[in-house]
Each structure stands twice: as C-alpha cells, then as structure tokens.
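Participant: Sharing a structure with you now.
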Amino acid sequence: MKRTETRSIYVKDLQIGGQNKVVIQSMTNTKTKDIEATVAQIKALEGFGCELIRLAILDEEDAYAIKELVKESKVPLVADIHFNYKLALIAIESGIHKIRLNPGNIKNKDHIALVVKACKEKHIPIRIGINSGSLEKDILAKYGGIPCAEAMIESAWEHVNILTSLDFHEIALSFKSSDVRLTIDVYEKASKIFPYPLHLGVTEAGTLLSSSIKSSAALGILLHQGIGDTIRISISDDPVEEIKVAKQLLKAFGLYKNVADLVACPTCGRLQYDMLPIVNEIEAYLNNIQKDITVAVMGCPVNGPQEASRADLGVAGGYKEALLFKKGQFVRSIPQASIVEELKMEIEKYIIENKL
C-alpha cells in the first residue's frame with residue numbers, strides 16, 4: 001500500500017501519511033472572520049467525523065480570527081492562503097495548525113522562506129496545493145496552454161525544491177482538477193515520484209449528485225491502488241454533506257469504521273408496500289449514527305429475505321407489511337405504518353446489546 005510508505009507528518013497531534021489510514025477533511029464556507037458562524041460549522045463538521053478543517057483566509061481579519069477559532073475546535077485547523085504570504089505569517093502567529101500554499105499565486109522565494117521559517121519554529125506542516133485552474137503561466141505555456149499531469153508535477157517540483165532547500169520536509173501535496181481522468185493520471189504519477197503524503201480531491205466537482213459521481217470515479221480508483229492519505233469530497237452544498245460521502249466511500253474500501261451502511265433495493269413492479277419513504281427516513285436516521293452497523297431495507301421476496309437476513313438488521317417487503325430480520329433470524333412481521341418506528345427501535349436496541 002503506497003500510503004503506508006509516505007512520509008508521516010503531524011498536524012497538531014493528527015498523523016497524516018505512513019499508515020493505512022485516510023484522514024477525512026472538509027472546508028468551511030462561512031466568512032472566517034464571522035467567528036460565531038464559523039465555530040458553529042466547525043462543530044457540525046466535528047459531529048459528523050471530520051478530522052481536519054480548512055479555513056479560507058481572505059484578509060487579515062480572517063487570519064487574526066484564527067486565534068479564537070483554534071480555542072473552540074477539537075480538530076486541527078488549516079489556513080488556506082492565496083496571493084498574500086503575510087496572511088500565512090499572521091495565521092501562524094494566531095495558532096493555526098497547518099498552512100496550505102498555492103504555488104500558482106505565491107512564488108516569491110523570499111516570501112516563502114519567511115513562511116517556512118515561521119512554520120519550522122512552531123512545527124507546522126505545509127501543503128503545496130497544485131490546482132489545474134491556477135498553474136503558473138510559464139509552466140502552462142510550456143505544455144501548450146492545456147493543464148496536464150506533467151505540468152502539475154513540474155509545478156509541485158519547483159515548490160518542493162524551494163522548501164527542501166530551506167531544510168523543510170513537513171510537506172503534503174495535492175493535485176486538484178475538475179477532470180476525472182486528469183485527477184487519476186496526476187495522482188498516479190505523483191505517488192511514484194514524491195515521498196510526501198497526498199491529499200486527494202476532485203475540485204469544483206459540483207452538486208451532491210455530480211460530486212459524488214466524479215469523486216467516487218476518480219478517488220475510488222486511487223484508493224483501491226493504495227494512493228491517498230487525506231481526502232476531501234468537494235460539494236457545492238453544506239460541508240457536512242462532504243463528510244457523509246467521504247465516510248461511505250472510504251468504508252467501501254475498508255478504510256473507515258464506525259459508519260452505518262444502508263442496503264436498499266432499487267424497487268420494481270413487484271413492490272407491495274410503500275418502501276421509498278422508509279428508505280429515505282432510515283438513511284437520514286443512520287447518517288447521525290457513527291457505528292458499524294448494516295441495515296437493509298428490501299422490497300420483495302426475490303432478493304429481499306436473503307439480503308435482509310445478511311445485514312445486522314433488515315426488513316423485507318410483503319403486502320403492506322415488512323418482515324424483520326436480525327442477524328439472519330426472522331423476528332416478526334411489522335405493519336406498514338410501524339416499520340420506521342420499529343426499525344429505529346431495533347437499531348438502538350442492537351447498538352446497546354452489542355456495545356457498539
């Protein structure tokens with residue numbers, strides 16, 4: 001597994017790299033200077049299992065707000081810096097745990113040296129965030145004006161060389177693109193070249209549906225190859241949705257525990273009870289349960305009984321009722337009106353009985 005071979009860095013007390021673990025992160029979309037709103041979003045992300053949270057630092061007021069935000073956050077915080085290196089210096093002085101720099105818009109070596117010096121003094125790692133949409137003009141021109149994996153790798157090399165020449169090695173890398181095939185290509189190449197932990201993501205991936213498809217297509221391939229030490233599912237929505245998708249994606253590859261799994265059939269003309277509202281309500285309920293439990297909501301006697309019986313808990317549809325199974329054993333029949341209530345009750349009971 002490539003992720004076990006990457007150099008490990010520490011963001012506060014959070015290890016990234018050098019292990020078969022993928023850290024889930026997200027980014028607030030509040031104005032960072034709005035401390036009350038930002039803290040509320042940090043708390044919401046923490047509650048859903050986010051392990052690392054990035055903050056947009058637009059101006060000095062945002063950078064100074066970090067001093068209050070780090071007091072309220074249980075998880076490490078990352079300052080996202082563009083254009084102005086001085087904002088990184090203020091963020092570091094304010095207690096930030098990690099810095100993200102974009103080499104496409106912060107290139108002055110003297111300025112970078114000042115940031116590196118401050119990071120070394122406080123043991124703060126730096127993520128070099130390469131983005132296909134903001135590559136350096138000279139590098140982009142060299143490759144015909146079209147973003148490609150080779151151009152992104154060259155951009156990373158330039159910045160890595162600056163940092164290592166200053167004897168700074170607490171580095172993470174990311175190579176973001178909105179193109180699925182480019183994302184796969186550049187991360188596969190980067191994993192063979194750089195020893196540093198890689199942060200995975202498909203940037204500007206769109207809405208919940210669009211991002212879930214693009215991110216799963218690109219990042220699923222990379223995760224299966226053992227590539228990736230941290231992950232963000234970029235969604236144009238409440239950041240909490242990013243955590244929900246990330247956990248399910250990682251669980252699919254055996255990389256995340258303590259997340260409920262819902263098995264549900266797509267429905268067909270054999271359905272004889274009102275299943276879809278039940279699926280939606282149980283899914284919303286399970287989103288708030290951070291336990292390793294599999295629940296099945298199935299429609300008819302074709303696959304339903306077996307799938308339901310293989311889950312920890314499950315229901316298989318009958319005529320205006322459902323058959324309840326627990327660990328493969330039939331328990332009882334439940335009338336349509338009581339399915340959601342009784343299934344929730346059985347889930348809570350199962351968690352207590354099995355000390356999950």
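Every chain in the structure tokens has a letter given in the order shown (A, B, ...), and although residue numbers restart at 1 in each chain, ligands are simply numbered from 1 in the order shown.
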List every residue of stretch 36-281 of chain A that DSSP, applied to the backbone of this structure, assigns to helix (DSSP H, G or I), and report them as a VMD selection string.
Facilitator: chain A and resid 36 to 47 60 to 72 85 to 93 109 to 122 137 to 142 149 to 165 180 to 193 208 to 224 239 to 252 276 to 281
Participant: Let me see the file: selected residues, C-alpha atoms, as a short mmCIF file (atom, residue, chain, number, x, y, z; two decimals), in the first residue's frame.
Facilitator:
data_model
loop_
_atom_site.label_atom_id
_atom_site.label_comp_id
_atom_site.auth_asym_id
_atom_site.auth_seq_id
_atom_site.Cartn_x
_atom_site.Cartn_y
_atom_site.Cartn_z
CA GLU A 36 -19.82 32.57 15.67
CA ALA A 37 -20.89 31.16 12.29
CA THR A 38 -17.53 29.53 11.66
CA VAL A 39 -17.42 27.87 15.08
CA ALA A 40 -20.95 26.54 14.51
CA GLN A 41 -19.85 24.98 11.22
CA ILE A 42 -16.68 23.56 12.77
CA LYS A 43 -18.77 21.92 15.50
CA ALA A 44 -21.18 20.48 12.92
CA LEU A 45 -18.27 19.01 10.92
CA GLU A 46 -16.70 17.58 14.07
CA GLY A 47 -20.01 15.97 14.97
CA GLU A 60 -6.03 39.99 7.84
CA GLU A 61 -9.29 39.94 9.78
CA ASP A 62 -9.74 36.29 8.78
CA ALA A 63 -6.16 35.49 9.77
CA TYR A 64 -6.49 37.11 13.19
CA ALA A 65 -9.81 35.29 13.79
CA ILE A 66 -7.87 32.02 13.89
CA LYS A 67 -6.75 32.84 17.43
CA GLU A 68 -10.34 32.42 18.65
CA LEU A 69 -11.24 29.56 16.34
CA VAL A 70 -8.43 27.27 17.49
CA LYS A 71 -9.73 27.62 21.06
CA GLU A 72 -13.12 26.26 20.01
CA TYR A 85 2.19 35.41 2.13
CA LYS A 86 1.69 37.86 5.02
CA LEU A 87 -1.65 36.22 5.77
CA ALA A 88 0.22 32.96 6.35
CA LEU A 89 2.50 34.67 8.85
CA ILE A 90 -0.47 36.11 10.75
CA ALA A 91 -2.23 32.73 10.69
CA ILE A 92 0.87 31.03 12.10
CA GLU A 93 1.17 33.61 14.85
CA LYS A 109 11.21 32.65 -2.77
CA ASP A 110 11.97 35.27 -0.13
CA HIS A 111 8.33 35.36 0.91
CA ILE A 112 8.12 31.58 1.01
CA ALA A 113 11.30 31.48 3.10
CA LEU A 114 9.66 33.69 5.72
CA VAL A 115 6.64 31.37 5.88
CA VAL A 116 8.89 28.31 6.12
CA LYS A 117 10.91 29.86 8.93
CA ALA A 118 7.76 30.57 10.93
CA CYS A 119 6.42 27.06 10.30
CA LYS A 120 9.67 25.42 11.37
CA GLU A 121 9.67 27.35 14.64
CA LYS A 122 6.16 26.12 15.51
CA LYS A 137 1.69 30.82 -16.66
CA ASP A 138 5.19 29.83 -17.76
CA ILE A 139 4.62 26.16 -16.88
CA LEU A 140 1.21 26.14 -18.54
CA ALA A 141 2.68 27.70 -21.70
CA LYS A 142 5.42 25.07 -21.76
CA ALA A 149 -0.30 15.81 -15.23
CA GLU A 150 3.23 16.69 -16.30
CA ALA A 151 2.61 20.43 -15.86
CA MET A 152 1.14 19.89 -12.40
CA ILE A 153 4.03 17.66 -11.36
CA GLU A 154 6.55 20.27 -12.54
CA SER A 155 4.76 22.95 -10.53
CA ALA A 156 4.96 20.75 -7.44
CA TRP A 157 8.66 20.05 -8.02
CA GLU A 158 9.50 23.74 -8.14
CA HIS A 159 7.83 24.39 -4.81
CA VAL A 160 9.10 21.22 -3.15
CA ASN A 161 12.63 22.19 -4.14
CA ILE A 162 12.21 25.60 -2.53
CA LEU A 163 11.00 24.06 0.72
CA THR A 164 13.61 21.31 0.87
CA SER A 165 16.40 23.79 0.06
CA VAL A 180 -11.71 12.89 -13.50
CA ARG A 181 -9.13 11.40 -15.89
CA LEU A 182 -6.58 14.11 -15.19
CA THR A 183 -7.06 13.61 -11.46
CA ILE A 184 -6.33 9.89 -11.76
CA ASP A 185 -3.35 10.45 -14.05
CA VAL A 186 -1.61 13.10 -11.95
CA TYR A 187 -2.04 11.30 -8.62
CA GLU A 188 -0.79 8.01 -10.08
CA LYS A 189 2.32 9.79 -11.34
CA ALA A 190 2.82 11.78 -8.13
CA SER A 191 2.61 8.64 -5.98
CA LYS A 192 5.61 7.22 -7.85
CA ILE A 193 7.68 10.41 -7.62
CA LEU A 208 -24.10 16.46 -4.27
CA LEU A 209 -25.03 14.16 -7.16
CA SER A 210 -22.37 15.38 -9.57
CA SER A 211 -19.59 15.42 -6.97
CA SER A 212 -20.49 12.01 -5.58
CA ILE A 213 -20.17 10.52 -9.06
CA LYS A 214 -16.97 12.34 -10.09
CA SER A 215 -15.27 11.90 -6.73
CA SER A 216 -16.14 8.22 -6.46
CA ALA A 217 -14.99 7.57 -10.04
CA ALA A 218 -11.61 9.26 -9.59
CA LEU A 219 -10.81 8.74 -5.95
CA GLY A 220 -12.17 5.19 -5.80
CA ILE A 221 -9.58 4.09 -8.35
CA LEU A 222 -6.80 5.83 -6.42
CA LEU A 223 -7.89 4.49 -3.04
CA HIS A 224 -8.01 0.96 -4.45
CA PRO A 239 -19.84 20.92 4.07
CA VAL A 240 -21.38 18.25 6.29
CA GLU A 241 -22.50 16.50 3.09
CA GLU A 242 -18.82 16.13 2.16
CA ILE A 243 -18.19 14.11 5.31
CA LYS A 244 -21.14 11.80 4.70
CA VAL A 245 -19.93 10.92 1.18
CA ALA A 246 -16.28 10.60 2.24
CA LYS A 247 -17.10 8.14 5.01
CA GLN A 248 -19.18 5.93 2.73
CA LEU A 249 -16.51 5.99 0.02
CA LEU A 250 -13.76 5.05 2.46
CA LYS A 251 -15.88 2.34 4.07
CA ALA A 252 -16.38 0.77 0.62
CA LEU A 276 -39.18 4.62 -0.63
CA PRO A 277 -40.27 6.91 2.24
CA ILE A 278 -38.94 4.28 4.64
CA VAL A 279 -35.54 4.18 2.89
CA ASN A 280 -35.23 7.97 2.95
CA GLU A 281 -36.13 8.25 6.62
#
Participant: How close does stretch 104-203 of chain A get to stretch 8-19 of chain A? List, as a tab-separated table, each residue of stretch 104-203 of chain A within 8 Å, its nearest atom pair and the distance in Å to one decimal, counting only C-alpha atoms.
Facilitator:
residue	atom	partner	partner_atom	distance
A:Ile124	CA	A:Val11	CA	6.8
A:Pro125	CA	A:Val11	CA	6.7
A:Glu170	CA	A:Ile9	CA	5.8
A:Ile171	CA	A:Ile9	CA	7.3
A:Ala172	CA	A:Ile9	CA	7.9
A:Tyr196	CA	A:Gly17	CA	7.5
A:Pro197	CA	A:Gly17	CA	5.0
A:Leu198	CA	A:Gly17	CA	7.9
Participant: For C-alpha atoms, I'd like the residues from the last selection saved as a CSV table (one decimal), in the first residue's frame.
Facilitator:
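What ended up in again_18.csv:
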chain,number,residue,atom,x,y,z
A,124,ILE,CA,3.6,23.5,11.4
A,125,PRO,CA,3.4,21.4,8.1
A,170,GLU,CA,7.0,18.5,6.7
A,171,ILE,CA,5.2,18.6,3.4
A,172,ALA,CA,1.9,17.3,2.0
A,196,TYR,CA,5.1,13.0,0.8
A,197,PRO,CA,1.5,12.3,1.9
A,198,LEU,CA,-1.1,13.1,-0.8
Participant: Which of these residues is nearest to A:Ile293, using only C-alpha atoms: A:Leu313, A:Leu323, A:Ile352, A:Leu166?
Facilitator: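 For A:Ile293, the nearest of the candidates is A:Leu313.
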Participant: Which residue is closest to A:Lys33? Choose from A:Arg332, A:Ile53, A:Asp59, A:Arg270 and count only C-alpha atoms.
Facilitator: A:Asp59
Participant: Quick check, in Å to one decimal: how far apart do atom CA of A:Tyr273 and atom CA of A:Gly299 lie?
Facilitator: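 Between atom CA of A:Tyr273 and atom CA of A:Gly299 the gap works out to 7.6 Å.
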Participant: By how many Å are atom CA of A:Ala56 and atom CA of A:Ser132 apart?
Facilitator: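 Between atom CA of A:Ala56 and atom CA of A:Ser132 the gap works out to 18.9 Å.
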Participant: As a list in words, list the residues of stretch 253-329 of chain A assigned to strand (DSSP E) by DSSP on the backbone atoms of this structure.
Facilitator: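 Across stretch 253-329 of chain A, those assigned strand (DSSP E) are Asp261, Leu262, Val263, Ala264, Thr294, Val295, Ala296, Val297, Met298, Leu313, Gly314, Val315, Ala316, Gly317, Glu321, Ala322, Leu323, Leu324, Phe325, Lys326 and Gln329 of chain A.
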Participant: Just C-alpha atoms for this one: save the residues we selected as a PDB file, in the first residue's frame.
Facilitator:
ATOM      1  CA  ASP A 261     -24.257   1.094   5.958  1.00  0.00           C
ATOM      2  CA  LEU A 262     -27.670   1.074   4.308  1.00  0.00           C
ATOM      3  CA  VAL A 263     -28.533  -1.679   1.810  1.00  0.00           C
ATOM      4  CA  ALA A 264     -31.653  -0.943  -0.227  1.00  0.00           C
ATOM      5  CA  THR A 294     -25.542  -2.643   8.383  1.00  0.00           C
ATOM      6  CA  VAL A 295     -29.255  -2.127   7.857  1.00  0.00           C
ATOM      7  CA  ALA A 296     -31.191  -3.465   4.864  1.00  0.00           C
ATOM      8  CA  VAL A 297     -34.495  -2.170   3.548  1.00  0.00           C
ATOM      9  CA  MET A 298     -35.604  -4.508   0.765  1.00  0.00           C
ATOM     10  CA  LEU A 313     -30.901  -5.720  10.898  1.00  0.00           C
ATOM     11  CA  GLY A 314     -33.209  -5.653   7.923  1.00  0.00           C
ATOM     12  CA  VAL A 315     -36.719  -5.627   6.612  1.00  0.00           C
ATOM     13  CA  ALA A 316     -38.036  -7.362   3.502  1.00  0.00           C
ATOM     14  CA  GLY A 317     -41.308  -6.254   1.989  1.00  0.00           C
ATOM     15  CA  GLU A 321     -46.003  -5.031   5.738  1.00  0.00           C
ATOM     16  CA  ALA A 322     -42.353  -5.979   6.171  1.00  0.00           C
ATOM     17  CA  LEU A 323     -40.583  -8.982   7.652  1.00  0.00           C
ATOM     18  CA  LEU A 324     -37.981  -8.035  10.274  1.00  0.00           C
ATOM     19  CA  PHE A 325     -34.693  -9.961  10.381  1.00  0.00           C
ATOM     20  CA  LYS A 326     -31.899  -9.740  12.952  1.00  0.00           C
ATOM     21  CA  GLN A 329     -33.095 -14.746  12.003  1.00  0.00           C
TER      22      GLN A 329
END
